[in-house]
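Everything below concerns the one structure shown next.
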Amino acid sequence: MRTPRRWAIVGGGLIGTATALSLQAAGLETTLIDRGDARRGASFGNIGHIAAEQCEPMPSPATLKSAFGRLFAFGGPLDFRARDVALWGPWALRFLAASRPVAAAHGAEVLARLLDDPLGAWARLAALAEAPGDLIRPTGHAVVWSTPEAARKGLEAWRGARTGNAAFRPMEGEELAAYDAVLNARPAGGVRFTGTGQVSEPQRVRDALSAAFTRQGGTVIQADVRRLRPVADGVDIILEDGAVVDAERVVVAAGAWSAELLAPLGLTVPLIGERGYSVQSARHEWPEDLPLTVFEDRALVVARFSGGLRASSHVEFGAPSAPPDPRKWRRIEAQLQALGVVFAETPDRWCGPRPTLADYLPAIGRLEAHPAIHYAFGHQHLGLTLAAFTAETMEGLALGRPAPAWLDALRIERFAR
């Protein structure tokens, strides 16, 4: 059968841009349709962590047991917007179903396959983009705790967790002492991971992929997509101004807004905007050799980027485009002050939605009812981590290569069944 040559990608985040570059480099005529607001999605303000260690499924009995104590009202990172209960309520019921032991075990198996080698996939994508050598940093990361009791419990939890091909070891005294230069008090304990990594800055990565895409002849259209209309020879993509982009195949990679495009086609997708908050300061004293650090008992992550020091926290369920909650930025900034981290008094504040499906697995594949429509969204906290792998997978589907059987677990129709 003839391989369809004209492809369109809806969504210019890391997933969409990486996929567009891979398809264009494979010889397909590819158009990337992007809304043009770089700060809108999770690709802009995330912490830049290549999280190969995150093989423990989020839906699980353990998560349910700890959820109450992690609520924002009690000082934790977890929050549910009351006015958006109609969105997260039905989603939460599916999350509960995915938390059953059998379902959680299935999720762990799929996650292990997804996270088999994200650093290798990123190395291949960076080479394809002819990107600067410091764009992807396989430097590992650290997890630290403030008190001996938190360190004891944290280390015990990690020793019982699935971490895939990533490995860790308890941090030595000298490694903990390195934090004396940036914190009021040395961490009481910590672990250092290998097999994980960090990017130089998420937006810099996306810019590098986008530049490579256009160098290879790809087309970028800055527009909102109103709807998709399947036709005999492909898909008509109706833009907000009424213009039509015709393609033989389309990939929906619009992050937290992907479900809106699929709903008119008869798909009810349990996708929620799981919003994160971050602050960034050009003024800081965080040295280059200090790794991305998770302050686990504070639910805070700090990473140094080429553009400054960024701190991130919070898991807020609700509408992806809802106004931000300034209390969450203030709490991050208060945590930094308590730790003694040098930071700007008026940092750059960001809030954006992680696209999260109820079972915390992404949706990668093509629609059974409309085979011309492909999709790649729902990567939750692993969007940056899995962007390169997803791009390679979509390239394989586009070129008709045989796919591993386990990828069937990522079909969006799994929720209809």
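Starting from 1 in every chain, residues are counted up; chains themselves are A, B, ... following the order of the structure tokens, and ligands are numbered from 1 as listed.
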Determine, counting only C-alpha atoms, which protein, DNA and RNA residues have an atom within 8 Å of an atom of stretch 337-349 of chain A; residues of the same chain fewer than 4 positions away are not included. Present the result as an MDAnalysis selection string. chainID A and resid 182:185 277:285 309 329 333
Dump of N, CA, C and O atoms for the selected residues, as a PDB file, in the first residue's frame:
```pdb
ATOM      1  N   VAL A 182      24.236  26.601  49.128  1.00  0.00           N
ATOM      2  CA  VAL A 182      22.986  27.168  48.589  1.00  0.00           C
ATOM      3  C   VAL A 182      21.806  27.045  49.539  1.00  0.00           C
ATOM      4  O   VAL A 182      20.746  27.627  49.293  1.00  0.00           O
ATOM      5  N   LEU A 183      21.942  26.295  50.649  1.00  0.00           N
ATOM      6  CA  LEU A 183      20.837  26.093  51.577  1.00  0.00           C
ATOM      7  C   LEU A 183      21.205  26.582  52.977  1.00  0.00           C
ATOM      8  O   LEU A 183      22.385  26.611  53.356  1.00  0.00           O
ATOM      9  N   ASN A 184      20.188  26.929  53.756  1.00  0.00           N
ATOM     10  CA  ASN A 184      20.407  27.286  55.158  1.00  0.00           C
ATOM     11  C   ASN A 184      20.898  26.100  55.971  1.00  0.00           C
ATOM     12  O   ASN A 184      21.699  26.258  56.896  1.00  0.00           O
ATOM     13  N   ALA A 185      20.381  24.922  55.641  1.00  0.00           N
ATOM     14  CA  ALA A 185      20.740  23.720  56.398  1.00  0.00           C
ATOM     15  C   ALA A 185      21.001  22.574  55.439  1.00  0.00           C
ATOM     16  O   ALA A 185      20.287  22.402  54.441  1.00  0.00           O
ATOM     17  N   TYR A 277       2.867  24.452  38.695  1.00  0.00           N
ATOM     18  CA  TYR A 277       3.277  25.843  38.876  1.00  0.00           C
ATOM     19  C   TYR A 277       4.795  25.888  38.995  1.00  0.00           C
ATOM     20  O   TYR A 277       5.407  25.014  39.620  1.00  0.00           O
ATOM     21  N   SER A 278       5.403  26.919  38.409  1.00  0.00           N
ATOM     22  CA  SER A 278       6.844  27.090  38.564  1.00  0.00           C
ATOM     23  C   SER A 278       7.188  28.568  38.636  1.00  0.00           C
ATOM     24  O   SER A 278       6.412  29.437  38.212  1.00  0.00           O
ATOM     25  N   VAL A 279       8.346  28.840  39.206  1.00  0.00           N
ATOM     26  CA  VAL A 279       8.903  30.196  39.250  1.00  0.00           C
ATOM     27  C   VAL A 279      10.354  30.103  38.800  1.00  0.00           C
ATOM     28  O   VAL A 279      11.015  29.094  39.016  1.00  0.00           O
ATOM     29  N   GLN A 280      10.826  31.161  38.151  1.00  0.00           N
ATOM     30  CA  GLN A 280      12.200  31.150  37.648  1.00  0.00           C
ATOM     31  C   GLN A 280      12.873  32.476  37.929  1.00  0.00           C
ATOM     32  O   GLN A 280      12.260  33.543  37.806  1.00  0.00           O
ATOM     33  N   SER A 281      14.150  32.401  38.293  1.00  0.00           N
ATOM     34  CA  SER A 281      14.923  33.585  38.639  1.00  0.00           C
ATOM     35  C   SER A 281      16.241  33.589  37.880  1.00  0.00           C
ATOM     36  O   SER A 281      16.979  32.600  37.904  1.00  0.00           O
ATOM     37  N   ALA A 282      16.532  34.710  37.222  1.00  0.00           N
ATOM     38  CA  ALA A 282      17.837  34.852  36.575  1.00  0.00           C
ATOM     39  C   ALA A 282      18.927  35.046  37.626  1.00  0.00           C
ATOM     40  O   ALA A 282      20.083  34.684  37.408  1.00  0.00           O
ATOM     41  N   ARG A 283      18.554  35.598  38.770  1.00  0.00           N
ATOM     42  CA  ARG A 283      19.505  35.807  39.873  1.00  0.00           C
ATOM     43  C   ARG A 283      19.470  34.589  40.788  1.00  0.00           C
ATOM     44  O   ARG A 283      18.419  34.232  41.335  1.00  0.00           O
ATOM     45  N   HIS A 284      20.620  33.953  40.958  1.00  0.00           N
ATOM     46  CA  HIS A 284      20.696  32.787  41.837  1.00  0.00           C
ATOM     47  C   HIS A 284      22.154  32.465  42.102  1.00  0.00           C
ATOM     48  O   HIS A 284      23.063  33.051  41.496  1.00  0.00           O
ATOM     49  N   GLU A 285      22.395  31.506  42.990  1.00  0.00           N
ATOM     50  CA  GLU A 285      23.758  31.074  43.301  1.00  0.00           C
ATOM     51  C   GLU A 285      23.891  29.561  43.188  1.00  0.00           C
ATOM     52  O   GLU A 285      24.784  28.958  43.796  1.00  0.00           O
ATOM     53  N   LEU A 309      17.411  29.802  37.440  1.00  0.00           N
ATOM     54  CA  LEU A 309      17.041  28.746  38.374  1.00  0.00           C
ATOM     55  C   LEU A 309      15.524  28.634  38.426  1.00  0.00           C
ATOM     56  O   LEU A 309      14.833  29.640  38.608  1.00  0.00           O
ATOM     57  N   TRP A 329       2.018  29.910  43.769  1.00  0.00           N
ATOM     58  CA  TRP A 329       3.324  30.537  43.534  1.00  0.00           C
ATOM     59  C   TRP A 329       3.921  31.025  44.851  1.00  0.00           C
ATOM     60  O   TRP A 329       5.106  30.848  45.109  1.00  0.00           O
ATOM     61  N   GLU A 333       7.545  30.075  46.570  1.00  0.00           N
ATOM     62  CA  GLU A 333       8.508  31.109  46.939  1.00  0.00           C
ATOM     63  C   GLU A 333       8.812  31.070  48.440  1.00  0.00           C
ATOM     64  O   GLU A 333       9.964  31.289  48.859  1.00  0.00           O
TER      65      GLU A 333
END
```
Every residue of stretch 192-344 of chain A that DSSP places in strand (DSSP E or B), as a PyMOL selection string: chain A and resi 192-194+197-199+219-222+225-231+234-239+244-247+249-252+271-281+293-295+300-305+308-318
Who sits within 12 Å of A:Glu149, only C-alpha atoms, same chain under 4 positions skipped, as an NGL selection string: :A and (144-145 or 153-156 or 187-190 or 297)
Selection export as a PDB file, in the first residue's frame, atoms kept: N, CA, C and O atoms:
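result27.pdb, freshly written:
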```
ATOM      1  N   VAL A 144      16.439  14.587  48.030  1.00  0.00           N
ATOM      2  CA  VAL A 144      16.940  14.839  49.379  1.00  0.00           C
ATOM      3  C   VAL A 144      15.775  15.043  50.340  1.00  0.00           C
ATOM      4  O   VAL A 144      14.648  15.324  49.931  1.00  0.00           O
ATOM      5  N   TRP A 145      16.109  14.897  51.645  1.00  0.00           N
ATOM      6  CA  TRP A 145      15.116  15.067  52.706  1.00  0.00           C
ATOM      7  C   TRP A 145      15.683  15.955  53.807  1.00  0.00           C
ATOM      8  O   TRP A 145      16.888  15.977  54.048  1.00  0.00           O
ATOM      9  N   LYS A 153      12.380   7.218  55.969  1.00  0.00           N
ATOM     10  CA  LYS A 153      11.167   6.771  55.287  1.00  0.00           C
ATOM     11  C   LYS A 153      11.307   6.889  53.771  1.00  0.00           C
ATOM     12  O   LYS A 153      10.859   6.020  53.027  1.00  0.00           O
ATOM     13  N   GLY A 154      11.938   7.972  53.323  1.00  0.00           N
ATOM     14  CA  GLY A 154      12.097   8.174  51.891  1.00  0.00           C
ATOM     15  C   GLY A 154      12.972   7.123  51.244  1.00  0.00           C
ATOM     16  O   GLY A 154      12.655   6.590  50.174  1.00  0.00           O
ATOM     17  N   LEU A 155      14.091   6.807  51.891  1.00  0.00           N
ATOM     18  CA  LEU A 155      14.995   5.787  51.357  1.00  0.00           C
ATOM     19  C   LEU A 155      14.316   4.420  51.336  1.00  0.00           C
ATOM     20  O   LEU A 155      14.441   3.666  50.358  1.00  0.00           O
ATOM     21  N   GLU A 156      13.562   4.120  52.367  1.00  0.00           N
ATOM     22  CA  GLU A 156      12.835   2.855  52.410  1.00  0.00           C
ATOM     23  C   GLU A 156      11.824   2.771  51.274  1.00  0.00           C
ATOM     24  O   GLU A 156      11.676   1.720  50.636  1.00  0.00           O
ATOM     25  N   PRO A 187      20.901  18.961  53.841  1.00  0.00           N
ATOM     26  CA  PRO A 187      19.915  17.879  53.882  1.00  0.00           C
ATOM     27  C   PRO A 187      20.358  16.775  54.828  1.00  0.00           C
ATOM     28  O   PRO A 187      21.549  16.458  54.942  1.00  0.00           O
ATOM     29  N   ALA A 188      19.368  16.166  55.506  1.00  0.00           N
ATOM     30  CA  ALA A 188      19.684  15.087  56.444  1.00  0.00           C
ATOM     31  C   ALA A 188      20.032  13.793  55.728  1.00  0.00           C
ATOM     32  O   ALA A 188      20.668  12.908  56.302  1.00  0.00           O
ATOM     33  N   GLY A 189      19.634  13.683  54.474  1.00  0.00           N
ATOM     34  CA  GLY A 189      19.925  12.494  53.689  1.00  0.00           C
ATOM     35  C   GLY A 189      19.448  12.680  52.273  1.00  0.00           C
ATOM     36  O   GLY A 189      18.720  13.626  51.961  1.00  0.00           O
ATOM     37  N   GLY A 190      19.861  11.770  51.415  1.00  0.00           N
ATOM     38  CA  GLY A 190      19.452  11.875  50.025  1.00  0.00           C
ATOM     39  C   GLY A 190      19.905  10.666  49.225  1.00  0.00           C
ATOM     40  O   GLY A 190      20.686   9.837  49.710  1.00  0.00           O
ATOM     41  N   ASP A 297      10.300  15.827  50.739  1.00  0.00           N
ATOM     42  CA  ASP A 297       9.372  16.089  51.832  1.00  0.00           C
ATOM     43  C   ASP A 297       8.773  17.487  51.759  1.00  0.00           C
ATOM     44  O   ASP A 297       7.880  17.821  52.540  1.00  0.00           O
TER      45      ASP A 297
END
```
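Across A:Glu175, A:Glu248, A:Asp233, A:Glu413, the tightest approach to A:His141 is made by A:Glu175 when counting only C-alpha atoms.
Taking atom CA of A:Val251 and atom CA of A:Trp122 as the two end points, the separation is 20.3 Å.
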